[in-house]
file protein_28.pdb (PDB, C-alpha atoms, pLDDT in the B column)
ATOM      1  CA  MET A   8      -1.006  44.051  32.232  1.00 75.00           C
ATOM      2  CA  TYR A   9       2.635  43.957  31.118  1.00 78.00           C
ATOM      3  CA  ARG A  10       2.595  40.177  31.325  1.00 83.00           C
ATOM      4  CA  ARG A  11      -0.449  39.973  29.053  1.00 85.00           C
ATOM      5  CA  ALA A  12       1.158  42.308  26.554  1.00 81.00           C
ATOM      6  CA  ALA A  13       4.369  40.276  26.590  1.00 79.00           C
ATOM      7  CA  ASP A  14       2.403  37.036  26.127  1.00 81.00           C
ATOM      8  CA  TRP A  15       0.452  38.552  23.235  1.00 80.00           C
ATOM      9  CA  LEU A  16       3.665  39.766  21.592  1.00 79.00           C
ATOM     10  CA  HIS A  17       5.334  36.376  22.011  1.00 77.00           C
ATOM     11  CA  ARG A  18       2.335  34.596  20.473  1.00 79.00           C
ATOM     12  CA  ARG A  19       2.341  37.097  17.600  1.00 81.00           C
ATOM     13  CA  LEU A  20       6.072  36.832  16.928  1.00 84.00           C
ATOM     14  CA  GLY A  21       6.906  33.234  17.757  1.00 85.00           C
ATOM     15  CA  ARG A  22      10.396  32.044  18.568  1.00 86.00           C
ATOM     16  CA  ARG A  23      12.008  33.273  15.362  1.00 89.00           C
ATOM     17  CA  GLY A  24      10.302  36.648  15.658  1.00 91.00           C
ATOM     18  CA  ASP A  25      11.411  36.999  19.282  1.00 91.00           C
ATOM     19  CA  PHE A  26      14.988  36.350  18.194  1.00 93.00           C
ATOM     20  CA  LEU A  27      14.789  38.836  15.320  1.00 95.00           C
ATOM     21  CA  LEU A  28      13.209  41.502  17.520  1.00 95.00           C
ATOM     22  CA  ILE A  29      15.902  41.202  20.199  1.00 95.00           C
ATOM     23  CA  LEU A  30      18.667  41.085  17.591  1.00 96.00           C
ATOM     24  CA  GLY A  31      17.245  44.027  15.654  1.00 97.00           C
ATOM     25  CA  ILE A  32      16.916  46.246  18.686  1.00 97.00           C
ATOM     26  CA  GLY A  33      20.449  45.339  19.737  1.00 97.00           C
ATOM     27  CA  LYS A  34      21.957  46.097  16.336  1.00 97.00           C
ATOM     28  CA  THR A  35      20.103  49.396  16.107  1.00 98.00           C
ATOM     29  CA  CYS A  36      21.326  50.438  19.562  1.00 97.00           C
ATOM     30  CA  TRP A  37      24.870  49.346  18.701  1.00 96.00           C
ATOM     31  CA  GLY A  38      24.791  51.564  15.605  1.00 97.00           C
ATOM     32  CA  VAL A  39      23.358  54.513  17.519  1.00 98.00           C
ATOM     33  CA  SER A  40      26.201  54.158  20.036  1.00 96.00           C
ATOM     34  CA  PHE A  41      28.681  54.757  17.196  1.00 96.00           C
ATOM     35  CA  LEU A  42      26.888  58.008  16.407  1.00 96.00           C
ATOM     36  CA  VAL A  43      26.560  59.227  19.983  1.00 96.00           C
ATOM     37  CA  ASP A  44      30.046  58.357  21.224  1.00 95.00           C
ATOM     38  CA  PRO A  45      32.288  56.884  18.501  1.00 93.00           C
ATOM     39  CA  PRO A  46      34.658  54.218  19.842  1.00 91.00           C
ATOM     40  CA  PRO A  47      38.332  53.870  18.902  1.00 91.00           C
ATOM     41  CA  THR A  48      38.625  52.501  15.393  1.00 91.00           C
ATOM     42  CA  GLN A  49      41.553  50.187  16.052  1.00 91.00           C
ATOM     43  CA  GLY A  50      41.246  47.196  13.732  1.00 93.00           C
ATOM     44  CA  LEU A  51      38.728  48.913  11.491  1.00 93.00           C
ATOM     45  CA  GLN A  52      41.176  50.736   9.210  1.00 93.00           C
ATOM     46  CA  LEU A  53      39.768  48.945   6.161  1.00 94.00           C
ATOM     47  CA  LEU A  54      36.423  50.604   6.876  1.00 94.00           C
ATOM     48  CA  THR A  55      37.632  53.990   8.117  1.00 94.00           C
ATOM     49  CA  ASN A  56      39.827  54.411   5.030  1.00 94.00           C
ATOM     50  CA  LEU A  57      36.598  54.416   3.017  1.00 95.00           C
ATOM     51  CA  CYS A  58      34.563  56.673   5.317  1.00 95.00           C
ATOM     52  CA  ASP A  59      34.174  57.778   8.926  1.00 94.00           C
ATOM     53  CA  ILE A  60      33.027  55.343  11.637  1.00 95.00           C
ATOM     54  CA  ARG A  61      29.846  57.396  12.036  1.00 95.00           C
ATOM     55  CA  HIS A  62      28.910  56.526   8.472  1.00 95.00           C
ATOM     56  CA  TRP A  63      29.484  52.846   9.205  1.00 96.00           C
ATOM     57  CA  ALA A  64      27.134  53.215  12.165  1.00 97.00           C
ATOM     58  CA  TRP A  65      24.290  53.485   9.676  1.00 97.00           C
ATOM     59  CA  LEU A  66      25.053  49.974   8.431  1.00 97.00           C
ATOM     60  CA  TRP A  67      24.252  48.662  11.922  1.00 97.00           C
ATOM     61  CA  ILE A  68      21.212  50.920  12.263  1.00 98.00           C
ATOM     62  CA  PHE A  69      19.659  49.977   8.912  1.00 98.00           C
ATOM     63  CA  ALA A  70      20.403  46.302   9.464  1.00 98.00           C
ATOM     64  CA  GLY A  71      18.832  46.546  12.912  1.00 98.00           C
ATOM     65  CA  LEU A  72      15.710  48.235  11.594  1.00 98.00           C
ATOM     66  CA  ILE A  73      15.271  45.653   8.819  1.00 98.00           C
ATOM     67  CA  THR A  74      15.814  42.854  11.330  1.00 97.00           C
ATOM     68  CA  THR A  75      13.308  44.405  13.754  1.00 97.00           C
ATOM     69  CA  CYS A  76      10.651  44.845  11.060  1.00 96.00           C
ATOM     70  CA  SER A  77      11.201  41.278   9.838  1.00 95.00           C
ATOM     71  CA  ALA A  78      10.326  39.990  13.293  1.00 93.00           C
ATOM     72  CA  PHE A  79       6.688  40.773  12.545  1.00 92.00           C
ATOM     73  CA  LEU A  80       6.607  38.776   9.301  1.00 90.00           C
ATOM     74  CA  ARG A  81       5.507  35.175   8.971  1.00 86.00           C
ATOM     75  CA  VAL A  82       8.041  32.357   8.975  1.00 84.00           C
ATOM     76  CA  GLY A  83       9.462  32.046   5.494  1.00 84.00           C
ATOM     77  CA  ARG A  84       9.028  35.736   4.808  1.00 89.00           C
ATOM     78  CA  ASP A  85      11.374  36.756   7.623  1.00 91.00           C
ATOM     79  CA  TRP A  86      14.494  35.822   5.642  1.00 93.00           C
ATOM     80  CA  ALA A  87      15.438  39.470   5.004  1.00 96.00           C
ATOM     81  CA  GLY A  88      15.863  39.984   8.740  1.00 96.00           C
ATOM     82  CA  PHE A  89      18.390  37.173   8.969  1.00 96.00           C
ATOM     83  CA  VAL A  90      20.266  38.434   5.903  1.00 97.00           C
ATOM     84  CA  ALA A  91      20.321  41.994   7.244  1.00 97.00           C
ATOM     85  CA  ALA A  92      21.438  40.780  10.673  1.00 97.00           C
ATOM     86  CA  ILE A  93      24.394  38.871   9.300  1.00 97.00           C
ATOM     87  CA  ILE A  94      25.868  41.655   7.125  1.00 97.00           C
ATOM     88  CA  PRO A  95      27.370  44.026   9.768  1.00 97.00           C
ATOM     89  CA  PRO A  96      29.215  41.325  11.744  1.00 97.00           C
ATOM     90  CA  ILE A  97      30.631  39.897   8.512  1.00 97.00           C
ATOM     91  CA  VAL A  98      31.857  43.359   7.509  1.00 97.00           C
ATOM     92  CA  TRP A  99      33.418  43.918  10.952  1.00 96.00           C
ATOM     93  CA  ALA A 100      35.006  40.433  10.986  1.00 97.00           C
ATOM     94  CA  THR A 101      36.460  41.056   7.533  1.00 97.00           C
ATOM     95  CA  ALA A 102      37.920  44.398   8.617  1.00 96.00           C
ATOM     96  CA  HIS A 103      39.519  42.843  11.689  1.00 96.00           C
ATOM     97  CA  THR A 104      40.917  39.944   9.666  1.00 96.00           C
ATOM     98  CA  VAL A 105      42.482  42.374   7.178  1.00 96.00           C
ATOM     99  CA  ALA A 106      43.967  44.314  10.111  1.00 96.00           C
ATOM    100  CA  VAL A 107      45.567  41.106  11.421  1.00 96.00           C
ATOM    101  CA  VAL A 108      46.979  40.123   8.029  1.00 96.00           C
ATOM    102  CA  SER A 109      48.392  43.611   7.455  1.00 95.00           C
ATOM    103  CA  GLY A 110      49.923  43.615  10.944  1.00 93.00           C
ATOM    104  CA  ASP A 111      47.966  46.639  12.158  1.00 92.00           C
ATOM    105  CA  TYR A 112      45.967  44.922  14.896  1.00 94.00           C
ATOM    106  CA  SER A 113      47.071  41.536  16.234  1.00 91.00           C
ATOM    107  CA  ARG A 114      44.105  41.281  18.603  1.00 94.00           C
ATOM    108  CA  GLY A 115      41.800  41.508  15.584  1.00 94.00           C
ATOM    109  CA  ALA A 116      41.979  37.742  15.007  1.00 95.00           C
ATOM    110  CA  TRP A 117      40.158  37.120  18.278  1.00 96.00           C
ATOM    111  CA  VAL A 118      37.643  39.862  17.584  1.00 95.00           C
ATOM    112  CA  ALA A 119      36.977  38.437  14.107  1.00 96.00           C
ATOM    113  CA  ILE A 120      36.473  34.943  15.547  1.00 97.00           C
ATOM    114  CA  TRP A 121      34.122  36.404  18.143  1.00 96.00           C
ATOM    115  CA  TYR A 122      32.022  38.117  15.449  1.00 96.00           C
ATOM    116  CA  LEU A 123      31.984  34.981  13.310  1.00 96.00           C
ATOM    117  CA  THR A 124      30.928  32.662  16.133  1.00 96.00           C
ATOM    118  CA  SER A 125      28.744  34.663  18.498  1.00 94.00           C
ATOM    119  CA  HIS A 126      27.090  36.730  15.772  1.00 95.00           C
ATOM    120  CA  VAL A 127      27.278  35.093  12.369  1.00 96.00           C
ATOM    121  CA  GLY A 128      27.135  31.520  13.664  1.00 96.00           C
ATOM    122  CA  VAL A 129      24.231  32.164  15.993  1.00 95.00           C
ATOM    123  CA  ILE A 130      22.271  34.041  13.312  1.00 96.00           C
ATOM    124  CA  MET A 131      22.850  31.255  10.776  1.00 95.00           C
ATOM    125  CA  TRP A 132      21.727  28.665  13.315  1.00 94.00           C
ATOM    126  CA  ALA A 133      18.614  30.647  14.279  1.00 92.00           C
ATOM    127  CA  ALA A 134      17.665  31.046  10.618  1.00 91.00           C
ATOM    128  CA  THR A 135      17.407  27.254  10.308  1.00 89.00           C
ATOM    129  CA  VAL A 136      15.348  26.694  13.443  1.00 82.00           C
ATOM    130  CA  PRO A 137      11.732  25.967  12.549  1.00 80.00           C
ATOM    131  CA  GLU A 138       9.083  27.857  14.453  1.00 73.00           C
ATOM    132  CA  HIS A 139       7.751  24.734  16.159  1.00 68.00           C
ATOM    133  CA  SER A 140      10.557  22.197  16.400  1.00 53.00           C
ATOM    134  CA  VAL A 141       9.508  20.804  19.760  1.00 52.00           C
ATOM    135  CA  PRO A 142       7.749  17.465  19.274  1.00 52.00           C
ATOM    136  CA  PRO A 143       4.179  17.315  20.560  1.00 56.00           C
ATOM    137  CA  THR A 144       3.642  15.679  23.912  1.00 58.00           C
ATOM    138  CA  PRO A 145       2.448  12.100  23.603  1.00 60.00           C
ATOM    139  CA  ARG A 146      -1.202  11.445  24.281  1.00 64.00           C
ATOM    140  CA  ALA A 147      -1.889   9.969  27.657  1.00 61.00           C
ATOM    141  CA  ALA A 148      -2.781   6.260  27.618  1.00 54.00           C
ATOM    142  CA  ARG A 149      -6.420   5.518  28.214  1.00 57.00           C
ATOM    143  CA  LYS A 150      -7.321   4.022  31.512  1.00 61.00           C
ATOM    144  CA  GLY A 151      -7.454   0.209  31.493  1.00 59.00           C
ATOM    145  CA  ARG A 152      -5.768  -0.189  28.102  1.00 59.00           C
ATOM    146  CA  GLU A 153      -2.211  -0.991  27.228  1.00 58.00           C
ATOM    147  CA  PRO A 154      -0.414   1.326  24.841  1.00 55.00           C
TER
END
call {"tool": "encode", "arguments": {"input": "protein_28.pdb", "output": "structure tokens"}}
result
Amino acid sequence: MYRRAADWLHRRLGRRGDFLLILGIGKTCWGVSFLVDPPPTQGLQLLTNLCDIRHWAWLWIFAGLITTCSAFLRVGRDWAGFVAAIIPPIVWATAHTVAVVSGDYSRGAWVAIWYLTSHVGVIMWAATVPEHSVPPTPRAARKGREP
């Protein structure tokens, strides 16, 4: 029964929708983790000078919810999910880069690169992947005829 439900969901969402659903759930959970047990804010002084880390958690949560909801939209209308997904890692990468430049957090350069590659880069790549980019299988040659 679970297999049938998973197959139905995959057919309904497609590859892009699967990606957005996984990404959205992950971002939402990441934001909730900031509310439940706030981590150290080292490297995020740019953000925490504006407001508490728990307030910034809502950026991840809202982005995750928009991304999750966009998973159920048709290709071409799912763009808001990709835009929402890319905003929090860009904000975090910017904060870490500022912390490196100001000398507050030297490790922030590596964290910023990680956000820019494994989050922003992957999201930008996935946004360009068409739903059906796999070429169709060639038709089998008829018996007794040359192709």
call {"tool": "resolve_selection", "arguments": {"input": "protein_28.pdb", "expression": "the PyMOL selection byres ((chain A and resi 77) around 12)", "output": "ChimeraX atom specification"}}
result
/A:20,23-32,70-76,78-92
call {"tool": "atom_distance", "arguments": {"input": "protein_28.pdb", "atom1": "atom CA of Thr104 of chain A", "atom2": "atom CA of Trp121 of chain A"}}
result
11.4 Å
call {"tool": "resolve_selection", "arguments": {"input": "protein_28.pdb", "expression": "the PyMOL selection byres ((chain A and resi 102) around 8)", "output": "list in words"}}
result
Gly50, Leu51, Gln52, Leu53, Leu54, Val98, Trp99, Ala100, Thr101, His103, Thr104, Val105 and Ala106 of chain A
call {"tool": "residues_near_point", "arguments": {"input": "protein_28.pdb", "point": "(22.4, 53.4, 10.7)", "cutoff": "12 Å", "atoms": "all atoms listed in the file", "output": "PyMOL selection string"}}
result
chain A and resi 31+34-43+60-73+95
call {"tool": "write_last_selection", "arguments": {"input": "protein_28.pdb", "atoms": "C-alpha atoms", "output": "PDB file, in the frame of the given file"}}
result
ATOM      1  CA  GLY A  31      17.245  44.027  15.654  1.00 97.00           C
ATOM      2  CA  LYS A  34      21.957  46.097  16.336  1.00 97.00           C
ATOM      3  CA  THR A  35      20.103  49.396  16.107  1.00 98.00           C
ATOM      4  CA  CYS A  36      21.326  50.438  19.562  1.00 97.00           C
ATOM      5  CA  TRP A  37      24.870  49.346  18.701  1.00 96.00           C
ATOM      6  CA  GLY A  38      24.791  51.564  15.605  1.00 97.00           C
ATOM      7  CA  VAL A  39      23.358  54.513  17.519  1.00 98.00           C
ATOM      8  CA  SER A  40      26.201  54.158  20.036  1.00 96.00           C
ATOM      9  CA  PHE A  41      28.681  54.757  17.196  1.00 96.00           C
ATOM     10  CA  LEU A  42      26.888  58.008  16.407  1.00 96.00           C
ATOM     11  CA  VAL A  43      26.560  59.227  19.983  1.00 96.00           C
ATOM     12  CA  ILE A  60      33.027  55.343  11.637  1.00 95.00           C
ATOM     13  CA  ARG A  61      29.846  57.396  12.036  1.00 95.00           C
ATOM     14  CA  HIS A  62      28.910  56.526   8.472  1.00 95.00           C
ATOM     15  CA  TRP A  63      29.484  52.846   9.205  1.00 96.00           C
ATOM     16  CA  ALA A  64      27.134  53.215  12.165  1.00 97.00           C
ATOM     17  CA  TRP A  65      24.290  53.485   9.676  1.00 97.00           C
ATOM     18  CA  LEU A  66      25.053  49.974   8.431  1.00 97.00           C
ATOM     19  CA  TRP A  67      24.252  48.662  11.922  1.00 97.00           C
ATOM     20  CA  ILE A  68      21.212  50.920  12.263  1.00 98.00           C
ATOM     21  CA  PHE A  69      19.659  49.977   8.912  1.00 98.00           C
ATOM     22  CA  ALA A  70      20.403  46.302   9.464  1.00 98.00           C
ATOM     23  CA  GLY A  71      18.832  46.546  12.912  1.00 98.00           C
ATOM     24  CA  LEU A  72      15.710  48.235  11.594  1.00 98.00           C
ATOM     25  CA  ILE A  73      15.271  45.653   8.819  1.00 98.00           C
ATOM     26  CA  PRO A  95      27.370  44.026   9.768  1.00 97.00           C
TER      27      PRO A  95
END
call {"tool": "atom_distance", "arguments": {"input": "protein_28.pdb", "atom1": "atom CA of Ala134 of chain A", "atom2": "atom CA of Ile97 of chain A"}}
result
15.8 Å
call {"tool": "atom_distance", "arguments": {"input": "protein_28.pdb", "atom1": "atom CA of Thr55 of chain A", "atom2": "atom CA of Ser109 of chain A"}}
result
15.0 Å
call {"tool": "residues_around", "arguments": {"input": "protein_28.pdb", "residues": "Pro96 of chain A", "least_positions_apart": "5", "cutoff": "8 Å", "atoms": "only C-alpha atoms", "output": "MDAnalysis selection string"}}
result
chainID A and resid 122:123 126:127
call {"tool": "axis_aligned_box", "arguments": {"input": "protein_28.pdb", "around": "segment 78-90 of chain A", "padding_each_side": "6 Å", "output": "lines of an AutoDock Vina configuration file"}}
result
center_x = 12.9
center_y = 36.4
center_z = 9.1
size_x = 26.8
size_y = 20.7
size_z = 20.5
call {"tool": "closest_residue", "arguments": {"input": "protein_28.pdb", "among": "A:Arg11, A:Pro45, A:Arg19, A:Ile93", "to": "Val129 of chain A", "atoms": "all atoms listed in the file"}}
result
A:Ile93
call {"tool": "build_atoms", "arguments": {"input": "protein_28.pdb", "residues": "segment 27-53 of chain A", "atoms": "N, CA and C atoms", "output": "PDB file, keeping the file's coordinate frame"}}
result
ATOM      1  N   LEU A  27      14.546  37.715  16.226  1.00 95.00           N
ATOM      2  CA  LEU A  27      14.789  38.836  15.320  1.00 95.00           C
ATOM      3  C   LEU A  27      14.530  40.178  15.995  1.00 95.00           C
ATOM      4  N   LEU A  28      13.505  40.249  16.822  1.00 95.00           N
ATOM      5  CA  LEU A  28      13.209  41.502  17.520  1.00 95.00           C
ATOM      6  C   LEU A  28      14.349  41.884  18.467  1.00 95.00           C
ATOM      7  N   ILE A  29      14.798  40.933  19.262  1.00 95.00           N
ATOM      8  CA  ILE A  29      15.902  41.202  20.199  1.00 95.00           C
ATOM      9  C   ILE A  29      17.163  41.583  19.436  1.00 95.00           C
ATOM     10  N   LEU A  30      17.469  40.827  18.393  1.00 96.00           N
ATOM     11  CA  LEU A  30      18.667  41.085  17.591  1.00 96.00           C
ATOM     12  C   LEU A  30      18.581  42.441  16.899  1.00 96.00           C
ATOM     13  N   GLY A  31      17.411  42.757  16.354  1.00 97.00           N
ATOM     14  CA  GLY A  31      17.245  44.027  15.654  1.00 97.00           C
ATOM     15  C   GLY A  31      17.387  45.228  16.557  1.00 97.00           C
ATOM     16  N   ILE A  32      16.786  45.148  17.731  1.00 97.00           N
ATOM     17  CA  ILE A  32      16.916  46.246  18.686  1.00 97.00           C
ATOM     18  C   ILE A  32      18.377  46.404  19.114  1.00 97.00           C
ATOM     19  N   GLY A  33      19.036  45.289  19.345  1.00 97.00           N
ATOM     20  CA  GLY A  33      20.449  45.339  19.737  1.00 97.00           C
ATOM     21  C   GLY A  33      21.341  45.947  18.673  1.00 97.00           C
ATOM     22  N   LYS A  34      21.146  45.549  17.425  1.00 97.00           N
ATOM     23  CA  LYS A  34      21.957  46.097  16.336  1.00 97.00           C
ATOM     24  C   LYS A  34      21.692  47.589  16.138  1.00 97.00           C
ATOM     25  N   THR A  35      20.435  47.981  16.246  1.00 98.00           N
ATOM     26  CA  THR A  35      20.103  49.396  16.107  1.00 98.00           C
ATOM     27  C   THR A  35      20.772  50.212  17.216  1.00 98.00           C
ATOM     28  N   CYS A  36      20.693  49.727  18.437  1.00 97.00           N
ATOM     29  CA  CYS A  36      21.326  50.438  19.562  1.00 97.00           C
ATOM     30  C   CYS A  36      22.843  50.481  19.402  1.00 97.00           C
ATOM     31  N   TRP A  37      23.417  49.396  18.912  1.00 96.00           N
ATOM     32  CA  TRP A  37      24.870  49.346  18.701  1.00 96.00           C
ATOM     33  C   TRP A  37      25.272  50.415  17.681  1.00 96.00           C
ATOM     34  N   GLY A  38      24.506  50.540  16.605  1.00 97.00           N
ATOM     35  CA  GLY A  38      24.791  51.564  15.605  1.00 97.00           C
ATOM     36  C   GLY A  38      24.628  52.969  16.148  1.00 97.00           C
ATOM     37  N   VAL A  39      23.572  53.189  16.925  1.00 98.00           N
ATOM     38  CA  VAL A  39      23.358  54.513  17.519  1.00 98.00           C
ATOM     39  C   VAL A  39      24.518  54.868  18.455  1.00 98.00           C
ATOM     40  N   SER A  40      25.072  53.878  19.139  1.00 96.00           N
ATOM     41  CA  SER A  40      26.201  54.158  20.036  1.00 96.00           C
ATOM     42  C   SER A  40      27.409  54.673  19.272  1.00 96.00           C
ATOM     43  N   PHE A  41      27.583  54.236  18.021  1.00 96.00           N
ATOM     44  CA  PHE A  41      28.681  54.757  17.196  1.00 96.00           C
ATOM     45  C   PHE A  41      28.449  56.217  16.817  1.00 96.00           C
ATOM     46  N   LEU A  42      27.196  56.616  16.716  1.00 96.00           N
ATOM     47  CA  LEU A  42      26.888  58.008  16.407  1.00 96.00           C
ATOM     48  C   LEU A  42      27.049  58.905  17.625  1.00 96.00           C
ATOM     49  N   VAL A  43      26.562  58.427  18.763  1.00 96.00           N
ATOM     50  CA  VAL A  43      26.560  59.227  19.983  1.00 96.00           C
ATOM     51  C   VAL A  43      27.966  59.405  20.546  1.00 96.00           C
ATOM     52  N   ASP A  44      28.701  58.320  20.646  1.00 95.00           N
ATOM     53  CA  ASP A  44      30.046  58.357  21.224  1.00 95.00           C
ATOM     54  C   ASP A  44      30.936  57.383  20.455  1.00 95.00           C
ATOM     55  N   PRO A  45      31.507  57.807  19.335  1.00 93.00           N
ATOM     56  CA  PRO A  45      32.288  56.884  18.501  1.00 93.00           C
ATOM     57  C   PRO A  45      33.445  56.247  19.277  1.00 93.00           C
ATOM     58  N   PRO A  46      33.581  54.924  19.148  1.00 91.00           N
ATOM     59  CA  PRO A  46      34.658  54.218  19.842  1.00 91.00           C
ATOM     60  C   PRO A  46      35.968  54.362  19.075  1.00 91.00           C
ATOM     61  N   PRO A  47      37.077  53.905  19.663  1.00 91.00           N
ATOM     62  CA  PRO A  47      38.332  53.870  18.902  1.00 91.00           C
ATOM     63  C   PRO A  47      38.161  52.940  17.695  1.00 91.00           C
ATOM     64  N   THR A  48      38.810  53.267  16.624  1.00 91.00           N
ATOM     65  CA  THR A  48      38.625  52.501  15.393  1.00 91.00           C
ATOM     66  C   THR A  48      39.768  51.516  15.141  1.00 91.00           C
ATOM     67  N   GLN A  49      40.450  51.125  16.195  1.00 91.00           N
ATOM     68  CA  GLN A  49      41.553  50.187  16.052  1.00 91.00           C
ATOM     69  C   GLN A  49      41.033  48.869  15.468  1.00 91.00           C
ATOM     70  N   GLY A  50      41.659  48.416  14.394  1.00 93.00           N
ATOM     71  CA  GLY A  50      41.246  47.196  13.732  1.00 93.00           C
ATOM     72  C   GLY A  50      40.231  47.409  12.630  1.00 93.00           C
ATOM     73  N   LEU A  51      39.738  48.625  12.506  1.00 93.00           N
ATOM     74  CA  LEU A  51      38.728  48.913  11.491  1.00 93.00           C
ATOM     75  C   LEU A  51      39.252  49.846  10.400  1.00 93.00           C
ATOM     76  N   GLN A  52      40.575  49.837  10.189  1.00 93.00           N
ATOM     77  CA  GLN A  52      41.176  50.736   9.210  1.00 93.00           C
ATOM     78  C   GLN A  52      40.639  50.491   7.803  1.00 93.00           C
ATOM     79  N   LEU A  53      40.336  49.245   7.469  1.00 94.00           N
ATOM     80  CA  LEU A  53      39.768  48.945   6.161  1.00 94.00           C
ATOM     81  C   LEU A  53      38.484  49.747   5.939  1.00 94.00           C
TER      82      LEU A  53
END
